[in-house]
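Source file final_27.cif; content: mmCIF, C-alpha atoms.
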data_entry
#
loop_
_atom_site.label_atom_id
_atom_site.label_comp_id
_atom_site.auth_asym_id
_atom_site.auth_seq_id
_atom_site.Cartn_x
_atom_site.Cartn_y
_atom_site.Cartn_z
CA MET A 1 -16.00 12.76 12.95
CA SER A 2 -17.13 9.14 13.12
CA GLY A 3 -19.24 7.05 15.47
CA LYS A 4 -21.94 8.68 17.54
CA ARG A 5 -21.99 12.45 17.21
CA GLY A 6 -23.93 15.21 18.89
CA ILE A 7 -25.07 18.73 18.05
CA LEU A 8 -25.96 20.93 21.02
CA PHE A 9 -28.12 23.99 20.36
CA ASP A 10 -28.63 27.08 22.40
CA LEU A 11 -32.27 28.21 22.21
CA ASP A 12 -32.46 32.01 22.14
CA GLY A 13 -30.88 33.36 18.97
CA VAL A 14 -30.24 29.91 17.49
CA LEU A 15 -33.58 28.11 17.22
CA THR A 16 -35.74 31.21 17.57
CA ASP A 17 -35.27 34.87 18.36
CA THR A 18 -36.71 35.54 21.79
CA ALA A 19 -34.22 38.33 22.47
CA ARG A 20 -36.84 40.97 21.75
CA TYR A 21 -39.18 39.42 24.32
CA HIS A 22 -36.42 39.30 26.91
CA TYR A 23 -35.60 42.92 26.16
CA LEU A 24 -39.21 44.05 26.53
CA ALA A 25 -39.59 42.14 29.81
CA TRP A 26 -36.35 43.55 31.24
CA LYS A 27 -37.26 47.03 29.98
CA ARG A 28 -40.61 46.88 31.76
CA LEU A 29 -38.94 45.72 34.98
CA ALA A 30 -36.24 48.38 34.68
CA GLY A 31 -38.89 51.07 34.38
CA GLU A 32 -40.62 49.83 37.52
CA LEU A 33 -37.31 49.82 39.40
CA GLY A 34 -36.24 53.21 38.11
CA LEU A 35 -33.29 51.78 36.18
CA ALA A 36 -31.97 52.91 32.81
CA PHE A 37 -31.87 50.04 30.30
CA SER A 38 -31.23 50.12 26.54
CA GLN A 39 -31.11 47.61 23.69
CA GLU A 40 -27.32 47.93 23.78
CA ASP A 41 -27.38 47.02 27.49
CA ASN A 42 -29.54 44.01 26.58
CA GLU A 43 -26.70 42.63 24.43
CA ARG A 44 -24.72 42.03 27.62
CA LEU A 45 -27.46 39.76 28.96
CA LYS A 46 -27.33 37.24 26.11
CA GLY A 47 -26.51 33.74 27.37
CA VAL A 48 -26.65 34.91 31.00
CA ASP A 49 -29.10 33.64 33.62
CA ARG A 50 -31.76 35.84 35.19
CA LEU A 51 -30.01 36.64 38.44
CA ARG A 52 -26.75 37.60 36.76
CA SER A 53 -28.74 39.63 34.20
CA LEU A 54 -30.33 41.66 36.99
CA GLU A 55 -26.94 42.15 38.63
CA ILE A 56 -25.53 43.46 35.33
CA MET A 57 -28.43 45.92 35.09
CA LEU A 58 -27.74 47.10 38.63
CA GLU A 59 -24.02 47.48 37.88
CA LEU A 60 -24.84 49.58 34.80
CA ASN A 61 -26.88 51.85 37.04
CA GLY A 62 -24.25 52.11 39.79
CA MET A 63 -26.31 50.03 42.19
CA SER A 64 -24.10 46.97 42.64
CA GLY A 65 -23.44 47.59 46.34
CA ALA A 66 -24.65 44.91 48.75
CA GLY A 67 -27.05 47.29 50.47
CA CYS A 68 -28.73 48.52 47.28
CA PHE A 69 -30.61 45.35 46.42
CA PRO A 70 -30.86 42.60 49.05
CA PRO A 71 -31.15 38.97 47.85
CA ALA A 72 -34.89 38.72 48.57
CA LYS A 73 -35.59 41.83 46.49
CA LYS A 74 -33.48 40.43 43.64
CA GLN A 75 -35.41 37.15 43.65
CA ALA A 76 -38.73 39.00 43.62
CA ALA A 77 -37.54 41.17 40.72
CA ILE A 78 -36.39 38.30 38.51
CA ALA A 79 -39.59 36.38 39.25
CA ARG A 80 -41.58 39.40 38.06
CA LYS A 81 -39.45 39.67 34.93
CA ASN A 82 -40.21 36.03 34.15
CA VAL A 83 -43.94 36.66 34.48
CA TYR A 84 -43.64 39.47 31.92
CA TYR A 85 -41.55 37.27 29.62
CA ARG A 86 -43.98 34.35 29.79
CA GLU A 87 -46.82 36.69 28.87
CA LEU A 88 -44.89 37.77 25.78
CA ILE A 89 -43.84 34.31 24.56
CA ARG A 90 -47.48 33.25 24.27
CA GLN A 91 -47.20 34.89 20.85
CA ILE A 92 -44.59 32.37 19.63
CA THR A 93 -45.60 30.01 16.81
CA PRO A 94 -43.72 27.66 14.43
CA GLY A 95 -43.43 30.69 12.16
CA ASP A 96 -40.86 32.06 14.61
CA ILE A 97 -38.32 29.29 13.96
CA LEU A 98 -35.17 30.91 12.55
CA PRO A 99 -34.27 30.41 8.86
CA GLY A 100 -32.62 27.12 7.94
CA ILE A 101 -33.27 25.41 11.28
CA PRO A 102 -35.95 22.91 10.10
CA GLU A 103 -33.78 21.88 7.15
CA PHE A 104 -30.68 21.57 9.32
CA LEU A 105 -32.53 19.40 11.87
CA GLU A 106 -33.68 17.14 9.04
CA GLU A 107 -30.11 16.91 7.80
CA LEU A 108 -28.93 15.90 11.28
CA ARG A 109 -31.65 13.29 11.64
CA ALA A 110 -30.75 11.77 8.28
CA GLY A 111 -27.09 11.72 9.33
CA GLY A 112 -27.79 9.89 12.59
CA PHE A 113 -26.77 12.76 14.84
CA ARG A 114 -27.91 13.05 18.43
CA THR A 115 -29.31 16.46 19.33
CA ALA A 116 -29.86 18.44 22.52
CA VAL A 117 -30.92 21.91 23.63
CA ALA A 118 -28.30 23.40 25.95
CA SER A 119 -30.20 26.41 27.23
CA ALA A 120 -30.11 28.20 30.57
CA SER A 121 -33.75 29.17 30.09
CA LYS A 122 -36.28 27.55 32.42
CA ASN A 123 -38.86 28.40 29.76
CA ALA A 124 -37.12 26.33 27.08
CA PRO A 125 -39.64 23.41 27.13
CA ASP A 126 -42.57 25.81 26.74
CA VAL A 127 -40.88 27.69 23.89
CA LEU A 128 -40.00 24.43 22.10
CA GLU A 129 -43.62 23.27 22.38
CA ARG A 130 -44.88 26.53 20.90
CA LEU A 131 -42.36 26.24 18.06
CA GLY A 132 -43.40 22.64 17.39
CA LEU A 133 -39.83 21.47 17.95
CA ALA A 134 -40.16 19.61 21.25
CA GLU A 135 -40.04 16.18 19.60
CA ARG A 136 -37.08 17.04 17.39
CA PHE A 137 -34.47 16.79 20.14
CA ASP A 138 -33.14 13.78 22.02
CA TYR A 139 -32.57 15.80 25.18
CA VAL A 140 -33.44 19.23 26.59
CA ALA A 141 -31.36 20.44 29.52
CA ASP A 142 -33.26 20.95 32.77
CA ALA A 143 -32.27 24.52 33.60
CA CYS A 144 -33.47 24.04 37.19
CA ALA A 145 -30.79 21.37 37.65
CA ILE A 146 -27.96 23.46 36.18
CA ALA A 147 -26.06 25.09 39.05
CA LYS A 148 -23.64 27.24 37.03
CA ALA A 149 -24.58 29.64 34.24
CA LYS A 150 -22.63 30.17 31.03
CA PRO A 151 -19.74 30.80 30.49
CA ASP A 152 -19.40 27.82 32.82
CA PRO A 153 -19.51 24.67 30.61
CA GLU A 154 -21.89 22.74 32.89
CA VAL A 155 -24.96 22.78 30.63
CA PHE A 156 -22.98 21.54 27.62
CA LEU A 157 -21.27 18.80 29.62
CA VAL A 158 -24.63 17.70 31.06
CA CYS A 159 -26.08 17.48 27.55
CA ALA A 160 -23.13 15.46 26.25
CA GLU A 161 -23.45 13.04 29.16
CA ALA A 162 -27.21 12.73 28.62
CA LEU A 163 -26.58 11.83 24.98
CA GLY A 164 -23.95 9.28 26.00
CA LEU A 165 -21.18 11.15 24.19
CA LYS A 166 -17.72 12.46 24.99
CA PRO A 167 -17.44 16.27 24.84
CA GLU A 168 -15.06 16.14 21.88
CA ALA A 169 -17.72 14.23 19.90
CA CYS A 170 -20.10 17.17 20.28
CA ILE A 171 -20.51 20.48 18.47
CA GLY A 172 -22.08 23.43 20.23
CA ILE A 173 -24.04 26.17 18.44
CA GLU A 174 -24.38 29.53 20.17
CA ASP A 175 -25.14 33.18 19.46
CA SER A 176 -23.56 34.73 22.56
CA GLN A 177 -20.01 35.32 23.77
CA ALA A 178 -20.78 33.61 27.09
CA GLY A 179 -22.10 30.58 25.22
CA VAL A 180 -19.03 30.33 22.99
CA GLU A 181 -16.78 30.50 26.05
CA ALA A 182 -18.84 27.73 27.68
CA ILE A 183 -18.44 25.50 24.62
CA HIS A 184 -14.67 26.06 24.60
CA ARG A 185 -14.43 25.25 28.30
CA ALA A 186 -16.34 22.05 27.60
CA ALA A 187 -13.63 21.10 25.05
CA MET A 188 -16.14 21.10 22.19
CA PHE A 189 -16.08 22.62 18.71
CA SER A 190 -18.05 25.88 18.61
CA VAL A 191 -20.24 27.33 15.90
CA GLY A 192 -21.17 30.97 16.46
CA ILE A 193 -24.23 32.65 14.96
CA HIS A 194 -23.57 36.38 14.55
CA VAL A 195 -21.61 36.46 17.82
CA ARG A 196 -20.51 39.82 19.14
CA VAL A 197 -16.95 38.72 19.98
CA THR A 198 -15.34 40.32 23.02
CA SER A 199 -12.97 37.50 24.02
CA ILE A 200 -12.79 34.01 22.47
CA PRO A 201 -14.11 33.79 18.88
CA PRO A 202 -16.15 30.77 17.77
CA ASP A 203 -14.26 28.06 15.89
CA LEU A 204 -16.68 28.54 12.99
CA PRO A 205 -18.29 31.99 12.83
CA LEU A 206 -21.49 32.26 10.78
CA GLY A 207 -23.61 35.27 9.97
CA SER A 208 -26.99 33.59 10.31
CA THR A 209 -28.73 30.28 10.98
CA GLY A 210 -29.34 29.99 7.25
CA GLU A 211 -25.63 29.21 6.91
CA LEU A 212 -25.87 26.06 9.05
CA LYS A 213 -24.79 23.40 6.57
CA LEU A 214 -23.64 20.03 7.87
CA GLU A 215 -20.86 19.48 5.33
CA ARG A 216 -19.26 22.82 6.11
CA ILE A 217 -19.51 22.31 9.87
CA LEU A 218 -18.07 18.80 9.77
CA GLY A 219 -15.19 19.92 7.58
CA ALA A 220 -14.25 22.67 10.00
CA ALA A 221 -14.76 20.39 13.00
CA ALA A 222 -12.47 17.74 11.49
CA GLN A 223 -9.66 20.29 11.18
CA TRP A 224 -10.30 21.45 14.75
CA SER A 225 -10.18 17.86 16.03
CA LYS A 226 -6.86 17.27 14.30
CA HIS A 227 -5.26 20.42 15.72
CA ALA A 228 -6.78 19.82 19.15
CA GLY A 229 -5.07 16.45 19.36
CA TYR A 230 -8.11 14.24 18.86
CA GLY A 231 -6.95 13.04 15.47
CA GLU A 232 -8.70 13.67 12.19
CA GLU A 233 -11.83 11.94 13.47
CA THR A 234 -13.52 11.57 16.86
#
File written out as structure tokens:
Amino acid sequence: MSGKRGILFDLDGVLTDTARYHYLAWKRLAGELGLAFSQEDNERLKGVDRLRSLEIMLELNGMSGAGCFPPAKKQAAIARKNVYYRELIRQITPGDILPGIPEFLEELRAGGFRTAVASASKNAPDVLERLGLAERFDYVADACAIAKAKPDPEVFLVCAEALGLKPEACIGIEDSQAGVEAIHRAAMFSVGIHVRVTSIPPDLPLGSTGELKLERILGAAAQWSKHAGYGEET
């Protein structure tokens, strides 16, 4: 890849692991609503926005009918979940950055890459501040302005546009199936971190963030670009 290039990061599961906080917040809400909810169920919520997450929980409990949970009750429930989540993330510190991320960000800066956070989380700015990473990215998606949740590609396309780059000049890094699908729909190269594949696999599957090495990613992306019809370089 030549010219301006961009790396787009999901937040949860890529920069830090907030999955446990999401699980605890959803678990607390589920208990209040009389819903069954397990850690395995929580896997289905990765990369999904709050409203859809609640709807999945209701479906798992056989309560997906229109009369079971009216829209106003859903909005009140997800607002309460967010209060619980925000209470929990007050514990986050720079020590919660996932392995290899600081070194990888330094590598990208030295290589002249543009970077963005493509997260559906409205709490992303707060989490980045607590991690001490807020100044390390050129752009952070405004989740309030994103109309369609992953697997829709909107957030990745918005990030590419904000960086002034074509989608094919960007690489997306995700840990969820919905996120990988979103990257593919955005016509970008995908790197997956320990993705539980149920449909489309990432173009470059990795076992952990510690495996994020620029040379390896660019080599795989160059092959992808060639086969995708963009030539050996974009």
Around all the atoms of stretch 87-106 of chain A listed in the file, draw an axis-aligned box and extend it by 6 Å on each of the six sides; I want its centre and edge lengths in Å to one decimal, as AutoDock Vina command-line options.
--center_x -39.1 --center_y 27.5 --center_z 18.0 --size_x 28.8 --size_y 32.6 --size_z 33.7
**OP:** Write out as a ChimeraX atom specification the residues lying within 9 Å of stretch 160-164 of chain A, counting all atoms listed in the file and excluding same-chain residues fewer than 2 positions away.
**Re:** /A:4,6,8,114-116,138-139,141,155-158,166-167,169-170
Based on the selection just made, write C-alpha atoms of those residues as an mmCIF file, in the coordinates of the input.
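Result saved to out_21.cif:
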data_model
loop_
_atom_site.group_PDB
_atom_site.id
_atom_site.type_symbol
_atom_site.label_atom_id
_atom_site.label_comp_id
_atom_site.auth_asym_id
_atom_site.auth_seq_id
_atom_site.Cartn_x
_atom_site.Cartn_y
_atom_site.Cartn_z
ATOM 1 C CA LYS A 4 -21.940 8.680 17.540
ATOM 2 C CA GLY A 6 -23.930 15.210 18.890
ATOM 3 C CA LEU A 8 -25.960 20.930 21.020
ATOM 4 C CA ARG A 114 -27.910 13.050 18.430
ATOM 5 C CA THR A 115 -29.310 16.460 19.330
ATOM 6 C CA ALA A 116 -29.860 18.440 22.520
ATOM 7 C CA ASP A 138 -33.140 13.780 22.020
ATOM 8 C CA TYR A 139 -32.570 15.800 25.180
ATOM 9 C CA ALA A 141 -31.360 20.440 29.520
ATOM 10 C CA VAL A 155 -24.960 22.780 30.630
ATOM 11 C CA PHE A 156 -22.980 21.540 27.620
ATOM 12 C CA LEU A 157 -21.270 18.800 29.620
ATOM 13 C CA VAL A 158 -24.630 17.700 31.060
ATOM 14 C CA LYS A 166 -17.720 12.460 24.990
ATOM 15 C CA PRO A 167 -17.440 16.270 24.840
ATOM 16 C CA ALA A 169 -17.720 14.230 19.900
ATOM 17 C CA CYS A 170 -20.100 17.170 20.280
#
**OP:** Show which residues sit within 12 Å of A:Arg86, as a list of chain:residue names. Count all atoms listed in the file, and ignore same-chain residues fewer than 5 positions away.
**Re:**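 In the requested form, the answer reads A:Thr18, A:Tyr21, A:His22, A:Leu24, A:Ala25, A:Ala79, A:Arg80, A:Lys81, A:Gln91, A:Ile92, A:Ser121, A:Lys122, A:Asn123, A:Ala124, A:Asp126, A:Val127, A:Arg130.
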**OP:** Counting all atoms listed in the file, write as a PyMOL selection string all protein and nucleic acid residues lying at most 10 Å from (-27.3, 23.4, 35.0) in the file's frame.
**Re:** chain A and resi 118-121+141-150+152-159
Can I get the selection written as a CSV table (one decimal), keeping the file's coordinate frame, with C-alpha atoms?
chain,number,residue,atom,x,y,z
A,118,ALA,CA,-28.3,23.4,26.0
A,119,SER,CA,-30.2,26.4,27.2
A,120,ALA,CA,-30.1,28.2,30.6
A,121,SER,CA,-33.8,29.2,30.1
A,141,ALA,CA,-31.4,20.4,29.5
A,142,ASP,CA,-33.3,21.0,32.8
A,143,ALA,CA,-32.3,24.5,33.6
A,144,CYS,CA,-33.5,24.0,37.2
A,145,ALA,CA,-30.8,21.4,37.6
A,146,ILE,CA,-28.0,23.5,36.2
A,147,ALA,CA,-26.1,25.1,39.0
A,148,LYS,CA,-23.6,27.2,37.0
A,149,ALA,CA,-24.6,29.6,34.2
A,150,LYS,CA,-22.6,30.2,31.0
A,152,ASP,CA,-19.4,27.8,32.8
A,153,PRO,CA,-19.5,24.7,30.6
A,154,GLU,CA,-21.9,22.7,32.9
A,155,VAL,CA,-25.0,22.8,30.6
A,156,PHE,CA,-23.0,21.5,27.6
A,157,LEU,CA,-21.3,18.8,29.6
A,158,VAL,CA,-24.6,17.7,31.1
A,159,CYS,CA,-26.1,17.5,27.6
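Nearest residue to A:Asp12, choosing from A:Gly207, A:Ile193, A:Val83, A:Gly31 and counting only C-alpha atoms: A:Ile193.
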Original post:
Please, what distance in Å, to one decimal, runs between atom CA of A:Gly65 and atom CA of A:Leu35?
Top reply: 14.8 Å
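You will find atom CA of A:Val180 at 6.0 Å from atom CA of A:Pro202.
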**OP:** With a distance cut-off of 7 Å and all atoms listed in the file, select the neighbouring residues of A:Leu212, excluding the residue or stretch itself and same-chain residues fewer than 2 positions from it, and output the selection as a ChimeraX atom specification.
**Re:** /A:100,104,209-210,214
Original post:
What does the PyMOL selection byres ((chain A and resi 40) around 12) select in this file, as a PyMOL selection string?
Top reply: chain A and resi 19-20+23+27+36-39+41-46+57+60+196
Original post:
Which residue, A:Ala186, A:Glu59, A:Glu168, A:Thr198, has the smallest gap to A:Ala222 when you use only C-alpha atoms?
Top reply: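 Of A:Ala186, A:Glu59, A:Glu168, A:Thr198, the one nearest A:Ala222 is A:Glu168, counting only C-alpha atoms.
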Original post:
the PyMOL selection byres ((chain A and resi 208) around 12) on the file shown: which residues, as a list in words?
Top reply: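 On this input, the PyMOL selection byres ((chain A and resi 208) around 12) captures Gly13, Val14, Leu15, Thr16, Asp17, Leu98, Pro99, Gly100, Ile101, Ile173, Glu174, Asp175, Val191, Gly192, Ile193, His194, Val195, Leu204, Pro205, Leu206, Gly207, Thr209, Gly210, Glu211, Leu212 and Lys213 of chain A.
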**OP:** Measure the distance from atom CA of A:Thr93 to atom CA of A:Arg28 in Å and round it to one decimal.
**Re:** 23.1 Å
**OP:** Would you mind listing what lies within 8 Å of A:Leu51 as a list in words, with all atoms listed in the file counted and same-chain residues fewer than 4 positions away left out?
**Re:** Glu55, Lys74, Gln75 and Ile78 of chain A
Please produce a file of those selected residues containing C-alpha atoms, as a short mmCIF file (atom, residue, chain, number, x, y, z; two decimals), in the coordinates of the input.
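Contents of the output file part.cif:
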data_model
loop_
_atom_site.label_atom_id
_atom_site.label_comp_id
_atom_site.auth_asym_id
_atom_site.auth_seq_id
_atom_site.Cartn_x
_atom_site.Cartn_y
_atom_site.Cartn_z
CA GLU A 55 -26.94 42.15 38.63
CA LYS A 74 -33.48 40.43 43.64
CA GLN A 75 -35.41 37.15 43.65
CA ILE A 78 -36.39 38.30 38.51
#
